[in-house]
$ cat target_1.txt   # compact mmCIF, C-alpha atoms
# COMPACT_ATOMS: atom_id res chain seq x y z
CA MET Y 30 -13.84 -41.56 -86.13
CA MET Y 31 -15.50 -38.31 -85.33
CA ALA Y 32 -17.64 -40.01 -82.71
CA GLU Y 33 -14.61 -41.61 -81.10
CA SER Y 34 -12.77 -38.27 -81.06
CA LEU Y 35 -15.78 -36.59 -79.45
CA ASP Y 36 -15.96 -39.27 -76.78
CA MET Y 37 -12.25 -38.88 -76.03
CA LYS Y 38 -12.64 -35.09 -75.62
CA VAL Y 39 -15.58 -35.56 -73.26
CA ALA Y 40 -13.64 -38.14 -71.24
CA PHE Y 41 -10.59 -35.88 -71.11
CA ARG Y 42 -12.60 -32.90 -69.91
CA SER Y 43 -14.37 -35.07 -67.34
CA GLY Y 44 -11.04 -36.36 -66.02
CA CYS Y 45 -9.59 -32.85 -65.81
CA SER Y 46 -12.66 -31.66 -63.96
CA GLN Y 47 -12.39 -34.47 -61.40
CA GLN Y 48 -8.66 -33.84 -60.96
CA GLY Y 49 -9.36 -30.14 -60.38
CA ILE Y 50 -11.96 -30.97 -57.72
CA VAL Y 51 -9.51 -33.35 -56.02
CA LEU Y 52 -6.75 -30.73 -56.13
CA LEU Y 53 -9.07 -28.05 -54.73
CA THR Y 54 -10.18 -30.42 -51.99
CA VAL Y 55 -6.58 -31.22 -51.09
CA LEU Y 56 -5.74 -27.51 -50.97
CA TRP Y 57 -8.68 -26.79 -48.65
CA ILE Y 58 -7.66 -29.69 -46.42
CA LEU Y 59 -4.10 -28.32 -46.27
CA VAL Y 60 -5.41 -24.85 -45.42
CA LEU Y 61 -7.64 -26.32 -42.71
CA LEU Y 62 -4.75 -28.34 -41.28
CA ALA Y 63 -2.53 -25.23 -41.31
CA VAL Y 64 -5.19 -23.26 -39.43
CA MET Y 65 -5.61 -26.09 -36.90
CA VAL Y 66 -1.86 -26.39 -36.38
CA GLY Y 67 -1.54 -22.60 -36.02
CA GLN Y 68 -4.36 -22.50 -33.50
CA PHE Y 69 -2.82 -25.39 -31.59
CA CYS Y 70 0.57 -23.65 -31.50
CA TYR Y 71 -1.07 -20.40 -30.36
CA SER Y 72 -2.98 -22.23 -27.61
CA MET Y 73 0.15 -24.01 -26.47
CA ARG Y 74 2.10 -20.73 -26.39
CA THR Y 75 -0.71 -19.08 -24.41
CA GLU Y 76 -0.83 -21.95 -21.93
CA LEU Y 77 2.95 -21.88 -21.67
CA ASN Y 78 2.92 -18.14 -20.93
CA VAL Y 79 0.14 -18.56 -18.38
CA THR Y 80 2.05 -21.37 -16.69
CA ARG Y 81 5.27 -19.34 -16.71
CA ASN Y 82 3.51 -16.30 -15.25
CA LEU Y 83 1.86 -18.45 -12.59
CA ARG Y 84 5.24 -19.92 -11.72
CA ASP Y 85 6.84 -16.46 -11.55
CA GLU Y 86 3.97 -15.06 -9.47
CA THR Y 87 4.29 -17.98 -7.06
CA VAL Y 88 8.06 -17.56 -6.79
CA GLY Y 89 7.62 -13.79 -6.32
CA TYR Y 90 4.94 -14.30 -3.68
CA TYR Y 91 7.08 -16.60 -1.56
CA LEU Y 92 10.06 -14.32 -1.99
CA ALA Y 93 7.83 -11.54 -0.61
CA ARG Y 94 6.75 -13.72 2.31
CA ALA Y 95 10.39 -14.47 3.01
CA GLY Y 96 11.02 -10.71 3.02
CA ILE Y 97 8.24 -10.21 5.59
CA ASN Y 98 9.75 -12.89 7.82
CA LEU Y 99 13.28 -11.52 7.44
CA ALA Y 100 12.17 -7.96 8.22
CA THR Y 101 10.16 -9.19 11.21
CA LEU Y 102 13.28 -10.84 12.63
CA LYS Y 103 15.18 -7.58 12.14
CA VAL Y 104 12.44 -5.70 14.00
CA ILE Y 105 12.58 -8.19 16.89
CA ASP Y 106 16.38 -8.19 17.08
CA GLY Y 107 17.00 -4.52 16.43
CA ILE Y 108 14.42 -2.48 18.29
CA SER Y 109 15.43 -1.63 21.83
CA GLY Y 110 14.53 2.03 22.06
CA ASP Y 111 16.89 2.87 19.19
CA ILE Y 112 15.46 4.29 15.98
CA TYR Y 113 17.92 2.33 13.85
CA LEU Y 114 17.84 -1.28 12.84
CA PRO Y 115 21.26 -2.98 12.97
CA ASP Y 116 23.54 -2.49 9.96
CA GLY Y 117 24.09 -5.60 7.90
CA THR Y 118 25.85 -6.97 4.87
CA ASP Y 119 23.33 -9.73 4.21
CA GLY Y 120 21.82 -7.57 1.45
CA GLU Y 121 23.62 -6.07 -1.49
CA GLU Y 122 26.88 -4.25 -0.82
CA GLY Y 123 26.28 -1.09 1.13
CA SER Y 124 22.71 -1.96 2.14
CA VAL Y 125 21.66 -0.94 5.63
CA TRP Y 126 18.61 -2.10 7.53
CA ARG Y 127 16.79 1.03 8.68
CA ILE Y 128 13.24 1.90 9.57
CA ASN Y 129 11.33 4.33 7.35
CA GLN Y 130 13.90 4.28 4.53
CA GLU Y 131 14.32 2.29 1.33
CA ILE Y 132 16.48 -0.81 1.78
CA SER Y 133 18.59 -2.05 -1.12
CA PRO Y 134 17.19 -5.18 -2.85
CA ILE Y 135 18.30 -8.34 -1.05
CA PRO Y 136 19.48 -11.35 -3.14
CA PHE Y 137 17.55 -14.39 -2.00
CA GLY Y 138 16.50 -17.76 -3.45
CA GLY Y 139 17.17 -17.12 -7.13
CA GLY Y 140 15.66 -13.64 -7.02
CA ARG Y 141 15.64 -10.44 -5.00
CA ILE Y 142 13.48 -8.95 -2.27
CA GLN Y 143 12.64 -5.25 -1.91
CA VAL Y 144 11.70 -4.45 1.69
CA LYS Y 145 10.40 -1.28 3.38
CA ILE Y 146 9.75 -1.03 7.13
CA ASP Y 147 7.61 1.86 8.32
CA ASN Y 148 6.56 2.83 11.80
CA GLU Y 149 2.96 3.88 12.40
CA SER Y 150 4.09 6.71 14.71
CA GLY Y 151 4.70 8.85 11.62
CA LYS Y 152 0.99 9.01 10.80
CA ILE Y 153 -1.82 11.04 12.36
CA ASN Y 154 -3.94 8.93 14.69
CA ILE Y 155 -7.56 9.81 13.95
CA ASN Y 156 -8.65 8.44 17.33
CA GLU Y 157 -6.29 10.70 19.29
CA ALA Y 158 -5.83 13.81 17.14
CA ASP Y 159 -7.30 17.00 18.62
CA VAL Y 160 -9.17 19.67 16.66
CA LEU Y 161 -6.00 21.60 15.72
CA LEU Y 162 -4.23 18.51 14.40
CA LEU Y 163 -7.27 17.42 12.40
CA GLN Y 164 -7.60 20.92 10.95
CA MET Y 165 -3.91 20.85 10.03
CA LEU Y 166 -4.42 17.50 8.29
CA PHE Y 167 -7.37 18.47 6.12
CA LYS Y 168 -6.20 21.99 5.41
CA SER Y 169 -3.30 20.44 3.50
CA PHE Y 170 -5.72 19.14 0.85
CA GLY Y 171 -6.79 22.66 -0.10
CA ILE Y 172 -10.50 21.93 0.35
CA PRO Y 173 -13.09 24.67 1.07
CA GLY Y 174 -13.36 25.81 4.67
CA ASP Y 175 -16.90 24.50 5.17
CA GLN Y 176 -15.91 21.03 3.95
CA GLU Y 177 -12.90 21.06 6.26
CA ALA Y 178 -15.09 22.03 9.23
CA THR Y 179 -17.63 19.35 8.29
CA ILE Y 180 -15.01 16.61 8.19
CA VAL Y 181 -13.25 17.64 11.40
CA GLU Y 182 -16.41 17.96 13.46
CA SER Y 183 -17.92 14.80 11.95
CA ILE Y 184 -14.80 12.84 12.94
CA LEU Y 185 -15.15 14.15 16.50
CA ASP Y 186 -18.87 13.21 16.48
CA TRP Y 187 -18.10 9.75 15.04
CA ARG Y 188 -15.69 8.83 17.81
CA ASP Y 189 -17.52 10.38 20.80
CA MET Y 190 -20.09 8.38 22.75
CA ASP Y 191 -23.15 10.62 22.47
CA ASN Y 192 -25.67 11.40 19.72
CA PHE Y 193 -25.39 15.21 19.90
CA HIS Y 194 -23.77 16.54 16.75
CA ARG Y 195 -21.61 19.66 16.50
CA ASN Y 196 -22.53 22.61 14.25
CA TYR Y 197 -20.98 21.09 11.12
CA GLY Y 198 -20.86 17.52 12.38
CA ALA Y 199 -23.11 14.49 12.03
CA GLU Y 200 -24.53 11.74 14.22
CA ASN Y 201 -26.92 8.83 13.71
CA ASP Y 202 -29.81 10.99 12.49
CA TYR Y 203 -27.71 12.02 9.45
CA TYR Y 204 -26.32 8.59 8.60
CA GLN Y 205 -29.66 6.81 9.06
CA ASN Y 206 -31.29 9.10 6.47
CA LEU Y 207 -28.77 8.34 3.72
CA PRO Y 208 -29.93 6.29 0.66
CA GLN Y 209 -27.94 3.38 2.13
CA PRO Y 210 -28.26 4.02 5.89
CA TYR Y 211 -25.76 2.91 8.52
CA ALA Y 212 -25.03 3.76 12.15
CA SER Y 213 -22.42 6.12 13.52
CA ASN Y 214 -19.77 4.26 15.49
CA ASN Y 215 -19.93 6.38 18.67
CA GLY Y 216 -16.51 5.09 19.58
CA PRO Y 217 -12.92 4.86 18.31
CA PHE Y 218 -12.28 4.15 14.65
CA ARG Y 219 -11.53 0.47 14.18
CA SER Y 220 -9.79 0.86 10.82
CA ILE Y 221 -8.66 3.73 8.63
CA GLU Y 222 -11.15 2.65 5.95
CA GLU Y 223 -13.95 3.49 8.38
CA LEU Y 224 -13.01 7.12 7.80
CA LEU Y 225 -14.69 6.87 4.38
CA LEU Y 226 -18.05 6.54 6.16
CA VAL Y 227 -17.69 9.93 7.84
CA LYS Y 228 -19.65 12.88 6.47
CA GLY Y 229 -17.58 15.00 4.10
CA VAL Y 230 -14.81 12.42 3.51
CA THR Y 231 -14.70 11.57 -0.19
CA ARG Y 232 -13.01 8.88 -2.24
CA GLU Y 233 -11.10 11.67 -3.98
CA LEU Y 234 -9.46 12.72 -0.70
CA TRP Y 235 -8.55 9.09 -0.06
CA GLN Y 236 -6.90 8.80 -3.47
CA MET Y 237 -5.03 12.06 -2.86
CA GLY Y 238 -3.18 10.32 -0.03
CA LEU Y 239 -5.44 10.51 3.02
CA GLY Y 240 -5.18 6.76 3.58
CA ARG Y 241 -1.37 6.97 3.76
CA MET Y 242 -1.47 9.77 6.33
CA VAL Y 243 -3.65 8.30 9.08
CA THR Y 244 -3.61 5.38 11.47
CA VAL Y 245 -5.72 3.89 14.26
CA GLN Y 246 -2.90 1.93 15.92
CA SER Y 247 -1.88 3.31 19.30
CA ASP Y 248 0.27 2.41 22.30
CA LEU Y 249 -2.16 4.27 24.57
CA VAL Y 250 -4.55 2.22 26.66
CA GLU Y 251 -8.26 2.91 26.29
CA ASN Y 252 -8.81 4.57 29.67
CA THR Y 253 -5.95 6.99 28.93
CA LEU Y 254 -7.98 8.45 26.08
CA ILE Y 255 -10.90 9.10 28.40
CA MET Y 256 -9.32 10.09 31.72
CA GLY Y 257 -6.31 12.12 30.60
CA SER Y 258 -2.65 11.26 30.23
CA THR Y 259 0.87 11.70 31.55
CA PRO Y 260 3.61 13.63 29.69
CA GLU Y 261 4.83 10.27 28.36
CA ASP Y 262 1.35 9.53 27.01
CA GLU Y 263 1.23 12.95 25.37
CA GLU Y 264 4.48 12.10 23.60
CA LYS Y 265 2.85 8.92 22.25
CA ARG Y 266 0.13 11.03 20.65
CA LYS Y 267 2.59 13.09 18.61
CA ILE Y 268 3.94 12.53 15.09
CA ASN Y 269 7.35 10.90 14.79
CA ILE Y 270 9.36 13.14 12.43
CA ASN Y 271 11.58 10.19 11.53
CA ALA Y 272 8.64 8.09 10.39
CA ALA Y 273 6.33 10.73 8.89
CA PRO Y 274 5.77 10.31 5.13
CA PRO Y 275 6.15 13.42 2.93
CA GLU Y 276 2.35 13.85 2.82
CA VAL Y 277 2.26 14.27 6.61
CA LEU Y 278 5.31 16.54 6.73
CA ARG Y 279 3.60 18.86 4.21
CA CYS Y 280 0.78 19.37 6.74
CA PHE Y 281 3.04 21.15 9.22
CA PRO Y 282 2.54 24.93 9.35
CA GLY Y 283 5.35 26.83 7.66
CA MET Y 284 6.55 23.81 5.67
CA THR Y 285 8.17 24.71 2.35
CA LYS Y 286 9.56 22.63 -0.51
CA GLU Y 287 13.09 23.60 0.53
CA ILE Y 288 12.60 22.54 4.16
CA LEU Y 289 10.89 19.31 3.08
CA GLN Y 290 13.81 18.52 0.78
CA ALA Y 291 16.29 19.22 3.58
CA ILE Y 292 14.42 16.87 5.93
CA THR Y 293 14.30 14.17 3.27
CA GLU Y 294 18.04 14.39 2.59
CA TYR Y 295 18.85 14.38 6.31
CA ARG Y 296 16.72 11.29 6.99
CA ARG Y 297 18.25 9.47 4.03
CA GLU Y 298 21.51 9.26 6.01
CA ARG Y 299 20.35 9.19 9.62
CA ASP Y 300 17.38 9.83 11.91
CA PHE Y 301 16.74 12.71 14.28
CA GLU Y 302 17.72 11.54 17.75
CA THR Y 303 16.46 14.69 19.47
CA LYS Y 304 14.02 17.47 18.67
CA ASN Y 305 16.87 19.99 18.86
CA GLN Y 306 18.50 18.35 15.85
CA PHE Y 307 15.26 18.95 13.98
CA ARG Y 308 15.13 22.56 15.22
CA ARG Y 309 18.59 23.28 13.87
CA LEU Y 310 17.51 22.03 10.45
CA VAL Y 311 14.13 23.79 10.10
CA GLY Y 312 14.84 26.97 12.07
CA ASP Y 313 13.37 28.39 15.29
CA LEU Y 314 10.30 30.01 13.72
CA MET Y 315 8.91 26.86 12.15
CA PHE Y 316 10.06 24.69 15.07
CA GLN Y 317 7.98 26.68 17.55
CA LYS Y 318 4.89 26.27 15.35
CA ILE Y 319 5.13 22.50 15.09
CA LEU Y 320 6.71 21.64 18.46
CA PRO Y 321 3.35 20.61 20.02
CA TYR Y 322 2.88 17.99 17.30
CA ILE Y 323 6.25 16.28 16.91
CA SER Y 324 8.20 13.48 18.53
CA VAL Y 325 11.19 11.21 17.80
CA ARG Y 326 9.58 8.21 19.45
CA ASN Y 327 8.67 5.01 17.58
CA SER Y 328 5.49 3.15 18.43
CA SER Y 329 5.29 -0.63 18.74
CA TYR Y 330 3.41 -0.90 15.40
CA TYR Y 331 5.31 -1.50 12.18
CA THR Y 332 4.12 -1.81 8.60
CA ILE Y 333 6.36 -4.12 6.59
CA ARG Y 334 6.03 -4.19 2.82
CA ALA Y 335 8.00 -6.75 0.80
CA THR Y 336 8.08 -7.27 -2.97
CA GLY Y 337 9.43 -10.45 -4.54
CA LEU Y 338 11.45 -9.92 -7.73
CA PRO Y 339 12.08 -13.26 -9.52
CA GLU Y 340 15.08 -13.30 -11.86
CA GLY Y 341 14.46 -12.96 -15.59
CA THR Y 342 10.90 -11.65 -15.40
CA GLN Y 343 8.95 -8.43 -14.90
CA VAL Y 344 6.42 -10.13 -12.59
CA ARG Y 345 6.19 -8.57 -9.13
CA SER Y 346 4.43 -9.94 -6.06
CA THR Y 347 3.91 -7.82 -2.96
CA VAL Y 348 2.90 -8.65 0.60
CA GLU Y 349 2.22 -6.12 3.35
CA ALA Y 350 1.90 -6.88 7.05
CA LEU Y 351 1.06 -4.70 10.03
CA VAL Y 352 2.74 -6.12 13.13
CA ARG Y 353 2.97 -5.14 16.77
CA LEU Y 354 6.25 -5.59 18.62
CA ASP Y 355 6.33 -6.72 22.24
CA SER Y 356 9.86 -5.63 23.12
CA ARG Y 357 9.73 -7.23 26.57
CA LYS Y 358 8.96 -10.68 25.19
CA GLY Y 359 10.86 -10.21 21.93
CA THR Y 360 7.86 -11.26 19.86
CA VAL Y 361 5.54 -9.75 17.26
CA ARG Y 362 1.86 -10.22 16.57
CA VAL Y 363 0.42 -9.86 13.08
CA ILE Y 364 -2.45 -7.34 13.13
CA ASN Y 365 -3.22 -7.26 9.42
CA TRP Y 366 -1.95 -9.08 6.32
CA VAL Y 367 -2.46 -8.06 2.69
CA ASP Y 368 -1.57 -10.13 -0.40
CA TYR Y 369 -1.36 -8.00 -3.52
CA ILE Y 370 -2.56 -10.32 -6.27
CA ASP Y 371 -1.65 -7.90 -9.06
CA PRO Y 372 0.42 -4.94 -7.83
CA GLY Y 373 0.05 -3.26 -11.22
CA ARG Y 374 -3.71 -2.94 -10.78
CA GLY Y 375 -3.57 -2.59 -7.02
CA GLU Y 376 -5.89 -5.54 -6.38
CA ALA Y 377 -5.45 -7.02 -2.95
CA VAL Y 378 -6.85 -9.54 -0.56
CA ALA Y 379 -6.62 -8.50 3.10
CA ASP Y 380 -6.85 -10.74 6.13
CA GLY Y 381 -7.23 -9.19 9.57
CA VAL Y 382 -5.76 -11.19 12.41
$ encode --input "target_1.txt" --output "structure tokens"
Amino acid sequence: MMAESLDMKVAFRSGCSQQGIVLLTVLWILVLLAVMVGQFCYSMRTELNVTRNLRDETVGYYLARAGINLATLKVIDGISGDIYLPDGTDGEEGSVWRINQEISPIPFGGGRIQVKIDNESGKININEADVLLLQMLFKSFGIPGDQEATIVESILDWRDMDNFHRNYGAENDYYQNLPQPYASNNGPFRSIEELLLVKGVTRELWQMGLGRMVTVQSDLVENTLIMGSTPEDEEKRKININAAPPEVLRCFPGMTKEILQAITEYRRERDFETKNQFRRLVGDLMFQKILPYISVRNSSYYTIRATGLPEGTQVRSTVEALVRLDSRKGTVRVINWVDYIDPGRGEAVADGV
């Protein structure tokens, strides 16, 4: 009897042990399945979010392209020597199509489009600016006098056709002796980014707004720059006070925060049609100082920036195009096109045309 009882206890313990192993195995399998299902759900959610973002980016991008096309049509239809684009109600209530001012978001295709049209005449042309205008530009950054002189004279050396450098300037002999040598252009700047190659111009100045203050687009023909110009050509060289961004307006001698604010508020409602209107706003003293630099004339070059805003998402897609208007033919030509892949990080892909 004792032997049978002992055998039964051993068998019972053995059975319990096997059941425990089976239970533990089942629990581990359940845990593993839960992890696999969780990982699968996470992967599916990630893929769903990626797909949704890709869809929203695509919708936003084509909304932005539609904005470029719509603004281009407005430029073609509305520019005839007037500084205003025609008023319209095709945007949100109260929106007005105007150059150089924010335009209310336009409902379009299940989303909205934010459009801004700027004229290049409000920037300082680094191919045409004289010494005084260049000094005025770089003095506004508060840099030391020797750095200012270096940049100004190096710009003049870069765009002239000889290899004789000015006192503070630089020609090929300087650029060829750099760790990564390159040649001076000895001609007009072909792009504003080329300015970063000039002696004394730093990336810090660029980030402080230099790139938004200059242009190389001009209505002047090449031989005008060499042989002189008419009074009309001189007017083309000047800065359009209706199109000048705040960074450029701050360069003007005698400019104060109060005057800048007054100009901004005035332009928000209308543009200056004559220089006398500007004189009455800023006063005679300042007007006489800046008269040689200012104009109310638009150039034929426009920068159009459009951002697509799809409904129900924070995704933004931006496209920027530089176009040239031929008012006689009623056509535009795309000079440069930039697709902003991620406006939040400022990454872009540019295509020159």
$ residues_around --input "target_1.txt" --residues "Leu225 of chain Y" --least-positions-apart "6" --cutoff "9 Å" --atoms "all atoms listed in the file" --output "VMD selection string"
chain Y and resid 231 to 232 235
$ write_last_selection --input "target_1.txt" --atoms "C-alpha atoms" --output "compact mmCIF listing (two decimals), in the frame of the given file"
# COMPACT_ATOMS: atom_id res chain seq x y z
CA THR Y 231 -14.70 11.57 -0.19
CA ARG Y 232 -13.01 8.88 -2.24
CA TRP Y 235 -8.55 9.09 -0.06
$ atom_distance --input "target_1.txt" --atom1 "atom CA of Val348 of chain Y" --atom2 "atom CA of Met237 of chain Y"
22.4 Å
$ residues_around --input "target_1.txt" --residues "segment 207-212 of chain Y" --least-positions-apart "4" --cutoff "10 Å" --atoms "only C-alpha atoms" --output "list in words"
Trp187, Glu200, Asn201, Asp202, Tyr203 and Leu226 of chain Y
$ closest_residue --input "target_1.txt" --among "Y:Val64, Y:Leu338, Y:Val352, Y:Leu53" --to "Val104 of chain Y" --atoms "only C-alpha atoms"
Y:Val352
$ residues_near_point --input "target_1.txt" --point "(-4.4, 8.6, 15.9)" --cutoff "8 Å" --atoms "all atoms listed in the file" --output "list in words"
Lys152, Ile153, Asn154, Ile155, Asn156, Glu157, Ala158, Val243, Thr244, Val245, Gln246, Ser247 and Arg266 of chain Y
$ write_last_selection --input "target_1.txt" --atoms "C-alpha atoms" --output "CSV table (one decimal), keeping the file's coordinate frame"
chain,number,residue,atom,x,y,z
Y,152,LYS,CA,1.0,9.0,10.8
Y,153,ILE,CA,-1.8,11.0,12.4
Y,154,ASN,CA,-3.9,8.9,14.7
Y,155,ILE,CA,-7.6,9.8,14.0
Y,156,ASN,CA,-8.6,8.4,17.3
Y,157,GLU,CA,-6.3,10.7,19.3
Y,158,ALA,CA,-5.8,13.8,17.1
Y,243,VAL,CA,-3.6,8.3,9.1
Y,244,THR,CA,-3.6,5.4,11.5
Y,245,VAL,CA,-5.7,3.9,14.3
Y,246,GLN,CA,-2.9,1.9,15.9
Y,247,SER,CA,-1.9,3.3,19.3
Y,266,ARG,CA,0.1,11.0,20.6
$ axis_aligned_box --input "target_1.txt" --around "segment 97-104 of chain Y" --padding-each-side "8 Å" --output "lines of an AutoDock Vina configuration file"
center_x = 11.7
center_y = -9.3
center_z = 9.8
size_x = 22.9
size_y = 23.2
size_z = 24.4
$ closest_residue --input "target_1.txt" --among "Y:Ile270, Y:Ile132, Y:Cys280, Y:Leu249" --to "Phe167 of chain Y" --atoms "all atoms listed in the file"
Y:Cys280
$ residues_around --input "target_1.txt" --residues "Asn327 of chain Y" --least-positions-apart "5" --cutoff "12 Å" --atoms "all atoms listed in the file" --output "PyMOL selection string"
chain Y and resi 104+108-113+128-129+147-152+247-248+264-273+300-302+353-354
$ write_last_selection --input "target_1.txt" --atoms "C-alpha atoms" --output "PDB file, in the coordinates of the input"
ATOM      1  CA  VAL Y 104      12.440  -5.700  14.000  1.00  0.00           C
ATOM      2  CA  ILE Y 108      14.420  -2.480  18.290  1.00  0.00           C
ATOM      3  CA  SER Y 109      15.430  -1.630  21.830  1.00  0.00           C
ATOM      4  CA  GLY Y 110      14.530   2.030  22.060  1.00  0.00           C
ATOM      5  CA  ASP Y 111      16.890   2.870  19.190  1.00  0.00           C
ATOM      6  CA  ILE Y 112      15.460   4.290  15.980  1.00  0.00           C
ATOM      7  CA  TYR Y 113      17.920   2.330  13.850  1.00  0.00           C
ATOM      8  CA  ILE Y 128      13.240   1.900   9.570  1.00  0.00           C
ATOM      9  CA  ASN Y 129      11.330   4.330   7.350  1.00  0.00           C
ATOM     10  CA  ASP Y 147       7.610   1.860   8.320  1.00  0.00           C
ATOM     11  CA  ASN Y 148       6.560   2.830  11.800  1.00  0.00           C
ATOM     12  CA  GLU Y 149       2.960   3.880  12.400  1.00  0.00           C
ATOM     13  CA  SER Y 150       4.090   6.710  14.710  1.00  0.00           C
ATOM     14  CA  GLY Y 151       4.700   8.850  11.620  1.00  0.00           C
ATOM     15  CA  LYS Y 152       0.990   9.010  10.800  1.00  0.00           C
ATOM     16  CA  SER Y 247      -1.880   3.310  19.300  1.00  0.00           C
ATOM     17  CA  ASP Y 248       0.270   2.410  22.300  1.00  0.00           C
ATOM     18  CA  GLU Y 264       4.480  12.100  23.600  1.00  0.00           C
ATOM     19  CA  LYS Y 265       2.850   8.920  22.250  1.00  0.00           C
ATOM     20  CA  ARG Y 266       0.130  11.030  20.650  1.00  0.00           C
ATOM     21  CA  LYS Y 267       2.590  13.090  18.610  1.00  0.00           C
ATOM     22  CA  ILE Y 268       3.940  12.530  15.090  1.00  0.00           C
ATOM     23  CA  ASN Y 269       7.350  10.900  14.790  1.00  0.00           C
ATOM     24  CA  ILE Y 270       9.360  13.140  12.430  1.00  0.00           C
ATOM     25  CA  ASN Y 271      11.580  10.190  11.530  1.00  0.00           C
ATOM     26  CA  ALA Y 272       8.640   8.090  10.390  1.00  0.00           C
ATOM     27  CA  ALA Y 273       6.330  10.730   8.890  1.00  0.00           C
ATOM     28  CA  ASP Y 300      17.380   9.830  11.910  1.00  0.00           C
ATOM     29  CA  PHE Y 301      16.740  12.710  14.280  1.00  0.00           C
ATOM     30  CA  GLU Y 302      17.720  11.540  17.750  1.00  0.00           C
ATOM     31  CA  ARG Y 353       2.970  -5.140  16.770  1.00  0.00           C
ATOM     32  CA  LEU Y 354       6.250  -5.590  18.620  1.00  0.00           C
TER      33      LEU Y 354
END
$ closest_residue --input "target_1.txt" --among "Y:Val144, Y:Leu56, Y:Met165, Y:Met190" --to "Arg279 of chain Y" --atoms "all atoms listed in the file"
Y:Met165
$ atom_distance --input "target_1.txt" --atom1 "atom CA of Arg188 of chain Y" --atom2 "atom CA of Pro173 of chain Y"
23.2 Å
$ residues_near_point --input "target_1.txt" --point "(-17.7, 15.5, 14.7)" --cutoff "9 Å" --atoms "all atoms listed in the file" --output "ChimeraX atom specification"
/Y:178-189,194-200,227-228
$ atom_distance --input "target_1.txt" --atom1 "atom CA of Asp85 of chain Y" --atom2 "atom CA of Ser346 of chain Y"
8.9 Å
$ closest_residue --input "target_1.txt" --among "Y:Leu289, Y:Glu233, Y:Ile146, Y:Thr259" --to "Leu102 of chain Y" --atoms "all atoms listed in the file"
Y:Ile146
$ closest_residue --input "target_1.txt" --among "Y:Arg219, Y:Ile50, Y:Pro339, Y:Arg357" --to "Ile135 of chain Y" --atoms "only C-alpha atoms"
Y:Pro339
